[in-house]
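S.K.: Structure in structure tokens, see below.
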Amino acid sequence: MFFVELYVLLLVICLPPSSTLHINQIIVPNFEMVGESASLKCDYDLQNDKLYSVKWYKDNQEFYRYVPKDLPPTQKFLVNGVDVRIEFSDKESVHLFNISLESAGLYTCEVSTEAPRFRTTAVTKNMRVIHPPESGPYLVGGSDKYRVGEMLDVNCSSPASHPPVLIKFFLNDEPVNEKDVHKHDQSPAKDGLTPAVSTYSLRIKRNHFRHGYLNLKCTADIYRTFYKSVERNILGLDLGGKALGRISAADKLNKSGYMSLILTAVSLIIWRNI
């Protein structure tokens, strides 16, 4: 027994120098859609060592293992939310299909080398899962015609999703004041999906109209991966020529006559003082 231990010790001492086992990166999608597939990749450098195993975990539960000396070398384990396509998986990547909300979590790649060094290293990355709404947002309430001084109250609603969409309002392509927006709290359903509803309220002013119309837009966004919008053009009533962006010929003549009168008055004042 002594000679065996001595042999192992001498073997370790005589090992050629090498750098530490290193995982360069793991590729895990930041966001994935429900029903889609995902490929997870582990890029590692063994240096002068030999590979013993590559293991994948979700939230600290092992769901895939690659051991080159085993027959077969690949093996999968049952973990909630993780469906592995073993035929498309190997020592560097693992392929998941039928992504669900339960697939979200922390994914870890762990690489180990053989004796005598027995080195192990691991890297973890988070994956979020998006269940988009069945359609884009829609505007409810309000009118398509307004007079100056009237109150605009419009709801923007989105069907249920996970996470709930972020609703934003735009007036004539400019973001509205968030103080004028009220977000309604919604509870998730049994399937984990949550609808979204926000109300925009505004006292109509003349300068809100461009060429007689006001453009109201609502957008629904999830991590910039899902994006939809809806718009409504609102007609202004009794606005007058200035609000419509027009200057009549009479207005031009009136302005011209007014300027002539001012110039004449100035000339008379100068002439009397001479």
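Chains: A, B, ... in order of the structure tokens. Residues: from 1 per chain. Ligands: from 1, in order shown.
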With DSSP run on the backbone, what are the helix (DSSP H, G or I) residues within range 24-234 of chain A? I'd like them as a list in words.
M.R.: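 Taking range 24-234 of chain A and keeping helix (DSSP H, G or I) only, one gets Ile86, Glu87, Phe88, Leu101, Glu102, Ser103, Glu178, Lys179, Asp180, Arg206, Asn207 and His208 of chain A.
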S.K.: Generate a file of the selected residues that holds C-alpha atoms, formatted as a compact mmCIF listing (two decimals), in the first residue's frame.
M.R.:
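Full text of again.txt as output:
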```
# COMPACT_ATOMS: atom_id res chain seq x y z
CA ILE A 86 -30.17 13.25 -26.64
CA GLU A 87 -29.51 12.54 -30.33
CA PHE A 88 -28.52 16.19 -30.89
CA LEU A 101 -42.38 28.49 -18.45
CA GLU A 102 -40.84 25.88 -16.13
CA SER A 103 -37.71 25.91 -18.34
CA GLU A 178 -45.91 59.16 -17.02
CA LYS A 179 -47.79 61.18 -14.42
CA ASP A 180 -50.77 61.03 -16.79
CA ARG A 206 -54.84 73.34 -28.99
CA ASN A 207 -51.13 72.63 -29.38
CA HIS A 208 -51.76 68.88 -29.15
```
S.K.: Just the residues within 8 Å of Pro29 in chain A, please, counting only C-alpha atoms, with nothing from its chain fewer than 6 positions along; format it as a compact mmCIF listing (two decimals) with N, CA, C and O atoms, in the first residue's frame.
M.R.:
```txt
# COMPACT_ATOMS: atom_id res chain seq x y z
N ALA A 38 -33.94 25.19 -27.84
CA ALA A 38 -32.75 25.96 -27.45
C ALA A 38 -31.54 25.04 -27.41
O ALA A 38 -31.62 23.90 -26.95
N LEU A 40 -27.79 24.74 -25.82
CA LEU A 40 -26.86 25.24 -24.81
C LEU A 40 -25.47 24.71 -25.15
O LEU A 40 -25.30 23.52 -25.41
N MET A 127 -31.50 31.82 -17.83
CA MET A 127 -32.36 31.87 -19.03
C MET A 127 -33.78 32.22 -18.60
O MET A 127 -34.35 31.58 -17.73
N ARG A 128 -34.35 33.28 -19.22
CA ARG A 128 -35.74 33.65 -18.99
C ARG A 128 -36.59 33.11 -20.12
O ARG A 128 -36.12 32.96 -21.26
```
S.K.: Step one, run DSSP on the backbone; step two, keep only residues of range 168-203 of chain A assigned to strand (DSSP E or B); then write them as a PyMOL selection string.
M.R.: chain A and resi 168-171+174-175+181-184+194-203
S.K.: Keeping N, CA, C and O atoms for every residue in the selection just given, could you write it to a file as an mmCIF file, in the first residue's frame?
M.R.:
```cif
data_model
loop_
_atom_site.group_PDB
_atom_site.id
_atom_site.type_symbol
_atom_site.label_atom_id
_atom_site.label_comp_id
_atom_site.auth_asym_id
_atom_site.auth_seq_id
_atom_site.Cartn_x
_atom_site.Cartn_y
_atom_site.Cartn_z
ATOM 1 N N LYS A 168 -46.629 51.422 -23.018
ATOM 2 C CA LYS A 168 -46.214 52.824 -23.101
ATOM 3 C C LYS A 168 -47.119 53.573 -24.076
ATOM 4 O O LYS A 168 -47.550 53.007 -25.086
ATOM 5 N N PHE A 169 -47.390 54.850 -23.753
ATOM 6 C CA PHE A 169 -48.194 55.715 -24.614
ATOM 7 C C PHE A 169 -47.292 56.754 -25.284
ATOM 8 O O PHE A 169 -46.316 57.233 -24.694
ATOM 9 N N PHE A 170 -47.677 57.108 -26.519
ATOM 10 C CA PHE A 170 -46.980 58.146 -27.272
ATOM 11 C C PHE A 170 -48.013 59.099 -27.860
ATOM 12 O O PHE A 170 -49.034 58.662 -28.399
ATOM 13 N N LEU A 171 -47.723 60.397 -27.745
ATOM 14 C CA LEU A 171 -48.587 61.434 -28.300
ATOM 15 C C LEU A 171 -47.810 62.140 -29.398
ATOM 16 O O LEU A 171 -46.774 62.750 -29.135
ATOM 17 N N GLU A 174 -44.212 61.257 -29.497
ATOM 18 C CA GLU A 174 -43.403 61.627 -28.342
ATOM 19 C C GLU A 174 -43.928 60.901 -27.102
ATOM 20 O O GLU A 174 -45.142 60.812 -26.904
ATOM 21 N N PRO A 175 -43.024 60.370 -26.248
ATOM 22 C CA PRO A 175 -43.486 59.704 -25.020
ATOM 23 C C PRO A 175 -44.298 60.661 -24.162
ATOM 24 O O PRO A 175 -43.934 61.826 -24.006
ATOM 25 N N VAL A 181 -50.359 58.626 -16.704
ATOM 26 C CA VAL A 181 -50.646 57.213 -16.976
ATOM 27 C C VAL A 181 -50.881 56.479 -15.666
ATOM 28 O O VAL A 181 -50.104 56.607 -14.716
ATOM 29 N N HIS A 182 -51.954 55.709 -15.622
ATOM 30 C CA HIS A 182 -52.260 54.889 -14.442
ATOM 31 C C HIS A 182 -52.215 53.415 -14.839
ATOM 32 O O HIS A 182 -52.959 52.967 -15.723
ATOM 33 N N LYS A 183 -51.325 52.668 -14.173
ATOM 34 C CA LYS A 183 -51.193 51.238 -14.433
ATOM 35 C C LYS A 183 -52.108 50.473 -13.492
ATOM 36 O O LYS A 183 -52.028 50.637 -12.271
ATOM 37 N N HIS A 184 -52.962 49.614 -14.052
ATOM 38 C CA HIS A 184 -53.886 48.820 -13.249
ATOM 39 C C HIS A 184 -53.237 47.486 -12.869
ATOM 40 O O HIS A 184 -52.756 46.752 -13.735
ATOM 41 N N THR A 194 -50.375 36.838 -17.187
ATOM 42 C CA THR A 194 -50.957 38.037 -16.591
ATOM 43 C C THR A 194 -51.291 39.056 -17.674
ATOM 44 O O THR A 194 -50.420 39.403 -18.480
ATOM 45 N N PRO A 195 -52.546 39.570 -17.701
ATOM 46 C CA PRO A 195 -52.889 40.634 -18.651
ATOM 47 C C PRO A 195 -52.295 41.965 -18.184
ATOM 48 O O PRO A 195 -51.791 42.073 -17.057
ATOM 49 N N ALA A 196 -52.366 42.968 -19.042
ATOM 50 C CA ALA A 196 -51.847 44.293 -18.697
ATOM 51 C C ALA A 196 -52.835 45.352 -19.178
ATOM 52 O O ALA A 196 -53.343 45.268 -20.309
ATOM 53 N N VAL A 197 -53.115 46.342 -18.311
ATOM 54 C CA VAL A 197 -54.032 47.436 -18.644
ATOM 55 C C VAL A 197 -53.484 48.726 -18.062
ATOM 56 O O VAL A 197 -53.106 48.772 -16.887
ATOM 57 N N SER A 198 -53.440 49.778 -18.870
ATOM 58 C CA SER A 198 -53.042 51.106 -18.408
ATOM 59 C C SER A 198 -53.990 52.140 -18.991
ATOM 60 O O SER A 198 -54.507 51.977 -20.106
ATOM 61 N N THR A 199 -54.217 53.222 -18.234
ATOM 62 C CA THR A 199 -55.107 54.304 -18.659
ATOM 63 C C THR A 199 -54.309 55.590 -18.828
ATOM 64 O O THR A 199 -53.497 55.947 -17.959
ATOM 65 N N TYR A 200 -54.560 56.271 -19.943
ATOM 66 C CA TYR A 200 -53.934 57.563 -20.210
ATOM 67 C C TYR A 200 -55.001 58.641 -20.174
ATOM 68 O O TYR A 200 -56.023 58.542 -20.862
ATOM 69 N N SER A 201 -54.780 59.675 -19.341
ATOM 70 C CA SER A 201 -55.736 60.774 -19.188
ATOM 71 C C SER A 201 -55.054 62.094 -19.521
ATOM 72 O O SER A 201 -53.937 62.354 -19.061
ATOM 73 N N LEU A 202 -55.741 62.934 -20.310
ATOM 74 C CA LEU A 202 -55.143 64.193 -20.747
ATOM 75 C C LEU A 202 -56.219 65.225 -21.038
ATOM 76 O O LEU A 202 -57.226 64.922 -21.691
ATOM 77 N N ARG A 203 -55.995 66.458 -20.545
ATOM 78 C CA ARG A 203 -56.853 67.586 -20.903
ATOM 79 C C ARG A 203 -56.377 68.119 -22.254
ATOM 80 O O ARG A 203 -55.243 68.548 -22.401
#
```
S.K.: Interatomic distance between CA of Ala160 in chain A and CA of Ser135 in chain A?
M.R.: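 According to the coordinates, CA of Ala160 in chain A and CA of Ser135 in chain A are separated by 9.3 Å.
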S.K.: Using only C-alpha atoms, pick whichever of A:Met33, A:Leu216, A:Leu237, A:Val54 has the shortest atom-to-atom distance to Thr120 in chain A.
M.R.: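 When distances to Thr120 in chain A are compared using only C-alpha atoms, the smallest one comes from A:Val54.
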S.K.: So that I can see what lies close to Ser39 in chain A, please list as a ChimeraX atom specification the residues with an atom at most 9 Å from it, counting only C-alpha atoms and leaving out residues fewer than 6 positions away in the same chain.
M.R.: /A:27-29,89,93-97
S.K.: Would you pick out the contacts of Asp221 in chain A at 6 Å or less, using only C-alpha atoms, so that residues sharing its chain but fewer than 2 positions from it are not included, and give the list as a PyMOL selection string?
M.R.: chain A and resi 165-166+224+226-227
S.K.: Could you dump the residues just selected with all heavy atoms as an mmCIF file, in the first residue's frame?
M.R.:
```
data_model
loop_
_atom_site.group_PDB
_atom_site.id
_atom_site.type_symbol
_atom_site.label_atom_id
_atom_site.label_comp_id
_atom_site.auth_asym_id
_atom_site.auth_seq_id
_atom_site.Cartn_x
_atom_site.Cartn_y
_atom_site.Cartn_z
ATOM 1 N N VAL A 165 -46.742 42.428 -20.411
ATOM 2 C CA VAL A 165 -46.090 43.392 -21.296
ATOM 3 C C VAL A 165 -45.909 44.732 -20.592
ATOM 4 O O VAL A 165 -46.632 45.065 -19.645
ATOM 5 C CB VAL A 165 -46.898 43.601 -22.596
ATOM 6 C CG1 VAL A 165 -47.101 42.290 -23.329
ATOM 7 C CG2 VAL A 165 -48.234 44.277 -22.296
ATOM 8 N N LEU A 166 -44.941 45.484 -21.042
ATOM 9 C CA LEU A 166 -44.743 46.861 -20.591
ATOM 10 C C LEU A 166 -45.475 47.773 -21.567
ATOM 11 O O LEU A 166 -45.157 47.805 -22.762
ATOM 12 C CB LEU A 166 -43.258 47.208 -20.566
ATOM 13 C CG LEU A 166 -42.900 48.663 -20.226
ATOM 14 C CD1 LEU A 166 -43.358 49.001 -18.807
ATOM 15 C CD2 LEU A 166 -41.405 48.901 -20.393
ATOM 16 N N ARG A 224 -37.848 43.689 -25.186
ATOM 17 C CA ARG A 224 -37.500 44.032 -26.576
ATOM 18 C C ARG A 224 -37.446 42.801 -27.481
ATOM 19 O O ARG A 224 -36.888 42.844 -28.587
ATOM 20 C CB ARG A 224 -36.151 44.774 -26.626
ATOM 21 C CG ARG A 224 -36.172 46.112 -25.896
ATOM 22 C CD ARG A 224 -34.868 46.868 -26.049
ATOM 23 N NE ARG A 224 -34.924 48.146 -25.372
ATOM 24 C CZ ARG A 224 -33.917 49.003 -25.343
ATOM 25 N NH1 ARG A 224 -32.771 48.711 -25.948
ATOM 26 N NH2 ARG A 224 -34.048 50.158 -24.696
ATOM 27 N N PHE A 226 -40.488 40.755 -27.732
ATOM 28 C CA PHE A 226 -41.841 40.865 -28.278
ATOM 29 C C PHE A 226 -42.205 42.344 -28.308
ATOM 30 O O PHE A 226 -42.035 43.059 -27.316
ATOM 31 C CB PHE A 226 -42.835 40.092 -27.415
ATOM 32 C CG PHE A 226 -44.274 40.333 -27.793
ATOM 33 C CD1 PHE A 226 -44.888 39.578 -28.771
ATOM 34 C CD2 PHE A 226 -45.003 41.341 -27.170
ATOM 35 C CE1 PHE A 226 -46.202 39.813 -29.131
ATOM 36 C CE2 PHE A 226 -46.327 41.587 -27.517
ATOM 37 C CZ PHE A 226 -46.925 40.819 -28.509
ATOM 38 N N TYR A 227 -42.719 42.826 -29.469
ATOM 39 C CA TYR A 227 -43.095 44.238 -29.596
ATOM 40 C C TYR A 227 -44.263 44.366 -30.572
ATOM 41 O O TYR A 227 -44.196 43.889 -31.703
ATOM 42 C CB TYR A 227 -41.918 45.076 -30.096
ATOM 43 C CG TYR A 227 -42.242 46.544 -30.255
ATOM 44 C CD1 TYR A 227 -42.101 47.425 -29.194
ATOM 45 C CD2 TYR A 227 -42.708 47.042 -31.472
ATOM 46 C CE1 TYR A 227 -42.405 48.773 -29.330
ATOM 47 C CE2 TYR A 227 -43.017 48.385 -31.615
ATOM 48 C CZ TYR A 227 -42.860 49.252 -30.543
ATOM 49 O OH TYR A 227 -43.172 50.576 -30.678
#
```
S.K.: Taking only C-alpha atoms into account, name the residue in A:Thr108, A:Asn48, A:Gln186, A:Asn172 that is nearest to Tyr213 in chain A.
M.R.: A:Asn172
S.K.: List the neighbours of Val79 in chain A out to 9 Å using only C-alpha atoms; skip same-chain residues closer than 6 positions along the sequence, and give me the result as a list in words.
M.R.: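 Near neighbours after the sequence-gap exclusion: Lys58, Gln61, Glu62 and Phe63 of chain A.
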S.K.: Take CA of His131 in chain A and CA of Tyr64 in chain A and report the distance between them in Å, one decimal.
M.R.: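 Between CA of His131 in chain A and CA of Tyr64 in chain A the gap works out to 25.2 Å.
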S.K.: Which one is closest to Val84 in chain A: A:Tyr138, A:Asp173, A:Gly105, A:Ile99? Count only C-alpha atoms.
M.R.: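 Of A:Tyr138, A:Asp173, A:Gly105, A:Ile99, the one nearest Val84 in chain A, counting only C-alpha atoms, is A:Ile99.
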